[in-house]
Every structure is written in C-alpha cells, then in structure tokens.
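Source file target_10.txt; content: compact mmCIF, C-alpha atoms.
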# COMPACT_ATOMS: atom_id res chain seq x y z
CA MET O 1 8.33 -2.62 -7.90
CA SER O 2 5.37 -2.01 -10.14
CA HIS O 3 3.95 1.42 -10.87
CA VAL O 4 0.56 0.06 -11.96
CA SER O 5 -2.58 -0.79 -10.07
CA HIS O 6 -2.85 -4.39 -9.05
CA VAL O 7 -5.87 -6.46 -10.01
CA SER O 8 -8.21 -7.46 -7.22
CA ARG O 9 -8.46 -11.06 -6.13
CA SER O 10 -11.66 -11.41 -8.15
CA GLY O 11 -9.61 -10.41 -11.22
CA THR O 12 -11.95 -7.64 -12.37
CA ASN O 13 -11.52 -4.32 -10.56
CA PRO O 14 -8.16 -2.62 -10.33
CA VAL O 15 -6.99 -2.02 -6.78
CA PRO O 16 -5.28 1.33 -6.40
CA ASN O 17 -1.74 1.35 -5.14
CA TRP O 18 0.26 4.47 -4.32
CA ALA O 19 1.26 5.03 -7.98
CA ALA O 20 -2.38 4.97 -9.11
CA PHE O 21 -3.25 7.55 -6.44
CA THR O 22 -0.33 9.83 -7.36
CA THR O 23 -1.35 9.65 -11.02
CA ALA O 24 -4.98 10.51 -10.17
CA GLU O 25 -4.24 13.21 -7.58
CA PRO O 26 -0.60 14.39 -7.82
CA ASP O 27 -0.98 17.52 -5.66
CA LEU O 28 -2.69 15.75 -2.77
CA ALA O 29 -0.26 12.82 -3.05
CA ARG O 30 2.72 15.19 -2.82
CA THR O 31 1.25 16.83 0.30
CA VAL O 32 0.59 13.43 1.91
CA GLU O 33 4.14 12.22 1.20
CA GLU O 34 5.58 15.44 2.63
CA ARG O 35 3.52 15.04 5.82
CA PHE O 36 4.68 11.44 6.25
CA GLY O 37 8.24 12.45 5.38
CA ALA O 38 8.36 15.13 8.09
CA PHE O 39 8.66 12.51 10.86
CA THR O 40 9.88 8.93 11.12
CA HIS O 41 7.19 7.33 13.29
CA HIS O 42 3.46 7.34 12.59
CA VAL O 43 0.38 5.66 14.06
CA LEU O 44 -1.07 2.49 12.55
CA ALA O 45 -4.54 1.27 13.52
CA THR O 46 -5.35 -2.41 13.01
CA LEU O 47 -8.12 -4.71 14.24
CA ARG O 48 -7.54 -7.19 17.07
CA LYS O 49 -8.95 -10.70 16.99
CA ASP O 50 -12.03 -9.51 18.95
CA GLY O 51 -12.60 -6.61 16.51
CA SER O 52 -11.43 -3.86 18.84
CA PRO O 53 -8.88 -1.35 17.54
CA ARG O 54 -5.15 -1.54 18.19
CA THR O 55 -2.86 1.44 17.58
CA THR O 56 0.90 1.10 17.30
CA GLY O 57 3.86 3.08 16.01
CA LEU O 58 5.17 2.36 12.53
CA GLU O 59 7.68 3.61 9.96
CA VAL O 60 6.43 3.70 6.37
CA ARG O 61 8.10 3.97 2.96
CA PHE O 62 6.91 5.27 -0.39
CA LEU O 63 9.04 3.33 -2.90
CA GLY O 64 8.56 2.16 -6.47
CA GLY O 65 4.97 3.37 -6.66
CA GLU O 66 3.94 1.52 -3.50
CA LEU O 67 3.25 2.41 0.12
CA TRP O 68 5.16 -0.18 2.19
CA LEU O 69 4.57 -1.18 5.81
CA GLY O 70 7.44 -3.12 7.35
CA MET O 71 7.13 -4.89 10.73
CA MET O 72 9.07 -7.03 13.15
CA PRO O 73 8.43 -10.78 12.91
CA ASP O 74 5.23 -11.91 14.59
CA SER O 75 4.48 -8.43 15.95
CA LEU O 76 0.88 -8.03 17.06
CA LYS O 77 0.17 -5.52 14.28
CA ALA O 78 1.51 -7.97 11.65
CA LEU O 79 -0.63 -10.76 13.09
CA ASP O 80 -3.65 -8.41 13.10
CA LEU O 81 -3.10 -7.59 9.41
CA ARG O 82 -2.65 -11.24 8.46
CA ARG O 83 -6.03 -11.96 10.06
CA ASP O 84 -7.82 -8.81 8.78
CA PRO O 85 -5.93 -6.61 6.30
CA ARG O 86 -7.88 -3.40 7.00
CA PHE O 87 -5.82 -0.55 8.42
CA SER O 88 -5.71 3.18 8.93
CA LEU O 89 -2.44 5.08 9.06
CA GLN O 90 -2.19 8.52 10.66
CA ALA O 91 0.76 10.82 9.91
CA ASN O 92 2.63 12.00 12.98
CA PRO O 93 1.27 15.50 13.72
CA GLY O 94 4.53 16.67 15.28
CA SER O 95 4.80 18.92 18.27
CA GLY O 96 2.45 21.80 18.97
CA THR O 97 -0.62 22.59 16.92
CA ASP O 98 0.92 23.90 13.69
CA MET O 99 0.72 20.70 11.56
CA GLY O 100 2.01 22.29 8.36
CA GLY O 101 0.31 20.48 5.48
CA GLY O 102 -2.60 19.42 7.67
CA ASP O 103 -3.65 16.22 9.35
CA VAL O 104 -3.26 13.24 6.99
CA ARG O 105 -4.69 9.71 7.09
CA ILE O 106 -4.47 6.77 4.67
CA SER O 107 -6.83 3.80 4.92
CA GLY O 108 -6.85 0.56 3.03
CA ARG O 109 -5.85 -3.08 3.04
CA ALA O 110 -2.34 -4.33 3.80
CA ILE O 111 -1.33 -7.25 1.60
CA GLU O 112 1.63 -9.29 2.85
CA VAL O 113 4.46 -9.68 0.35
CA GLU O 114 6.08 -13.10 0.33
CA ASP O 115 7.89 -12.82 -3.02
CA PRO O 116 11.64 -13.12 -2.28
CA GLU O 117 12.65 -10.84 -5.16
CA THR O 118 10.36 -8.03 -4.02
CA LYS O 119 11.52 -8.39 -0.42
CA ALA O 120 15.15 -8.38 -1.58
CA ARG O 121 14.64 -5.12 -3.52
CA TYR O 122 12.98 -3.57 -0.44
CA THR O 123 15.85 -4.81 1.77
CA ARG O 124 18.49 -3.30 -0.54
CA GLU O 125 16.70 0.06 -0.47
CA VAL O 126 15.62 0.27 3.19
CA GLU O 127 18.02 -2.10 5.02
CA PRO O 128 15.47 -3.19 7.67
CA PRO O 129 16.43 -5.49 10.52
CA GLU O 130 15.79 -9.05 9.42
CA PRO O 131 13.65 -11.06 9.49
CA PHE O 132 10.62 -8.84 8.91
CA HIS O 133 7.08 -8.81 7.55
CA LEU O 134 6.45 -6.62 4.51
CA PHE O 135 3.01 -5.39 3.52
CA ARG O 136 1.95 -3.45 0.41
CA ALA O 137 -0.95 -1.02 0.81
CA GLU O 138 -4.06 -1.13 -1.33
CA LEU O 139 -5.74 2.24 -0.82
CA THR O 140 -9.41 2.71 0.02
CA GLU O 141 -9.26 6.33 1.24
CA VAL O 142 -6.86 9.25 1.68
CA VAL O 143 -7.95 12.20 3.83
CA ARG O 144 -6.28 15.53 4.49
CA THR O 145 -7.80 17.93 7.02
CA TYR O 146 -6.52 21.47 7.52
CA VAL O 147 -7.55 24.95 8.62
CA GLU O 148 -7.95 27.62 5.95
CA ASP O 149 -7.86 31.36 6.67
CA GLU O 150 -7.95 30.59 10.39
CA LYS O 151 -11.73 30.04 10.21
CA TYR O 152 -12.58 27.12 7.91
CA LEU O 153 -12.02 23.45 8.57
CA VAL O 154 -11.34 21.84 5.19
CA ALA O 155 -11.30 18.10 4.46
CA GLN O 156 -10.05 16.67 1.18
CA VAL O 157 -11.29 13.10 0.74
CA TRP O 158 -10.12 10.77 -2.02
CA GLN O 159 -11.56 7.33 -2.69
CA PRO O 160 -10.78 5.05 -5.66
CA GLY O 161 -12.63 5.84 -8.87
CA ALA O 162 -13.67 9.34 -7.84
CA PRO O 163 -12.08 12.78 -7.81
CA VAL O 164 -11.12 14.42 -4.52
CA ARG O 165 -14.13 15.79 -2.63
CA THR O 166 -13.46 19.00 -0.71
CA LEU O 167 -15.66 19.67 2.32
CA LYS O 168 -15.46 23.03 4.08
CA ARG O 169 -17.17 24.29 7.21
CA ALA O 170 -16.84 27.36 9.39

As structure tokens, the full file:
Amino acid sequence: MSHVSHVSRSGTNPVPNWAAFTTAEPDLARTVEERFGAFTHHVLATLRKDGSPRTTGLEVRFLGGELWLGMMPDSLKALDLRRDPRFSLQANPGSGTDMGGGDVRISGRAIEVEDPETKARYTREVEPPEPFHLFRAELTEVVRTYVEDEKYLVAQVWQPGAPVRTLKRA
C-alpha cells in the first residue's frame, strides 16, 4: 500500500492521501489517529441520491499510509459513495464531554478500490467479513476543535497545499 500521494484523474495535481498528510503535519496527524483509535465506531456522512445528507456508523483503518473505509456489500453508504465520492468522517466523541484530544473530522473523496492485490493485502491485515467494498480516502480537509485553558475554542484546519491554520476565539 503506497505511502505517496496519488495523482488526480487529470494527471496533474497530486491528491493527498493519509501518508502525505502525516508527512506535512505529523503532530496533528498523530492526534487525529489517536482520536479515531480511542473508539471502534465513528460517524460517516455521505450524500443521498437527492443530495440530502446520510449519516451512518463506520469502522476505519489507517494502514500503509492510507485511510481505509470498508463497508458491507451494497450498503447505502457504499452506494452513496459510488455515486458521489464526497464524505465527512467524524471521530466518535465518547461518553461525557471530556473528548481528550478534541473533536476531529476528516473530509474528502472516497475512491473505491477494485484491485484484487490491494484488497487481498487489506483482507490479510483487517480480516473483514467478505464480500465487502473498500474505499481509499483522498483528503480535502482535516479539522480538530478543542478547548484551551477552559476559555478558548481552538480550531486547527488543514487543507492540501497549505499549512495548518489555527483559529482561536474566546
């Protein structure tokens, strides 16, 4: 599983995968992975055929420099992503209001993986129930929101090609 950015369909601009993000912003990437690693199930938002949002539970994996989204065959979320690959993924906040590490969201495009060799490597590592759909995430935004000193709301926003922007308000 590649650790390099993939080339966009137009063949010109690199599309950032998880490895490209971790290279660009290792501290934020580590925090995001820890937040997603704290719980098994997270919330995926996709777009229905009529354009309205659909939210569903999902397990995710960070493997081989990629963020992977695996789904049951012909699940509504998989069909949504086949039709329109845009998604947003929210880390499970856990119980209570503590949210150590902050509130974390990843947005991007989910690209279905059909390559048998790639799916076989994923299957050996994860052992998902088969058959399944496998999507690789192309990142368009990573956001972490947290409270600092019990009085500031801080948002760290990363988008491809730019450093993290930190926004703070009282």

* Compile the contact shell of Thr56 in chain O as a list of chain:residue names: residues with an atom at most 9 Å away, counting only C-alpha atoms, same-chain residues fewer than 4 positions apart removed. =>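 The filter keeps O:His42, O:Val43, O:Leu44, O:Ala45, O:Thr46, O:Lys77.
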
* Nearest residue to Gln159 in chain O from the set O:Ser75, O:Val142, O:Gly94, O:Ala20 (distances using only C-alpha atoms) ->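 Among the listed residues, O:Val142 lies closest to Gln159 in chain O.
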
* In Å, with one decimal, what is the gap from CA of Val126 in chain O to CA of Leu28 in chain O? -> 24.7 Å

* Asked: If you measure from CA of Gly70 in chain O to CA of Arg124 in chain O, what distance in Å do you get, rounded to one decimal?
  -> 13.6 Å

* Distance criterion (all atoms listed in the file): nearest to Glu125 in chain O out of O:Arg54, O:His41, O:Arg61, O:Lys49 ->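 Counting all atoms listed in the file, the residue closest to Glu125 in chain O is O:Arg61.
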
Determine, counting all atoms listed in the file, which protein, DNA and RNA residues have an atom within 6 Å of an atom of range 103-109 of chain O; residues of the same chain fewer than 2 positions away are not included. Present the result as a compact mmCIF listing (two decimals) with C-alpha atoms, in the frame of the given file.
# COMPACT_ATOMS: atom_id res chain seq x y z
CA PRO O 85 -5.93 -6.61 6.30
CA ARG O 86 -7.88 -3.40 7.00
CA PHE O 87 -5.82 -0.55 8.42
CA SER O 88 -5.71 3.18 8.93
CA LEU O 89 -2.44 5.08 9.06
CA GLN O 90 -2.19 8.52 10.66
CA ALA O 91 0.76 10.82 9.91
CA ALA O 137 -0.95 -1.02 0.81
CA GLU O 138 -4.06 -1.13 -1.33
CA LEU O 139 -5.74 2.24 -0.82
CA THR O 140 -9.41 2.71 0.02
CA GLU O 141 -9.26 6.33 1.24
CA VAL O 142 -6.86 9.25 1.68
CA VAL O 143 -7.95 12.20 3.83
CA ARG O 144 -6.28 15.53 4.49
CA THR O 145 -7.80 17.93 7.02

* Selected residue of minimal separation from Glu150 in chain O among O:Phe135, O:Asp84, O:Leu76, O:Ala170, counting only C-alpha atoms -> O:Ala170

* Have a look at O:Ala29, O:Asp80, O:Gly37, O:Pro163 and name the one nearest to Ser52 in chain O; count all atoms listed in the file. =>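 Going through O:Ala29, O:Asp80, O:Gly37, O:Pro163 one by one, the smallest distance to Ser52 in chain O is for O:Asp80.
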
* Selection near Leu153 in chain O, 6 Å with only C-alpha atoms, sequence-local residues under 3 positions removed, as an NGL selection string -> :O and (146-147 or 168-169)

* Asked: If we count only C-alpha atoms, what is near Phe62 in chain O at a cut-off of 8 Å, once residues fewer than 4 positions away on the same chain are taken out, given as a list of chain:residue names?
  ->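 Residues near the query, excluding close chain neighbours: O:Trp18, O:Glu33, O:Glu66, O:Leu67, O:Trp68.
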
Can you tell me, as JSON, the centre and edge lengths (Å, one decimal) of the axis-aligned box enclosing all of range 75-92 of chain O's listed atoms after padding each side by 5 Å?
{"center_x": -1.7, "center_y": 0.0, "center_z": 11.7, "size_x": 22.4, "size_y": 34.0, "size_z": 20.8}

* Between CA of Arg165 in chain O and CA of Thr23 in chain O, what is the spacing in Å? ->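 For CA of Thr23 in chain O relative to CA of Arg165 in chain O, the distance reads 16.5 Å.
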
* **Among listed residues O:Val60, O:Met71, O:Leu81, O:Ala120, nearest His133 in chain O (using all atoms listed in the file)** =>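 Among the listed residues, O:Met71 lies closest to His133 in chain O.
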
* Hey, which of O:Gly64, O:Pro116, O:Gly57, O:Gly102 ends up closest to Ala19 in chain O? Count only C-alpha atoms. ->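 Residue with the minimum atom-to-atom distance to Ala19 in chain O: O:Gly64.
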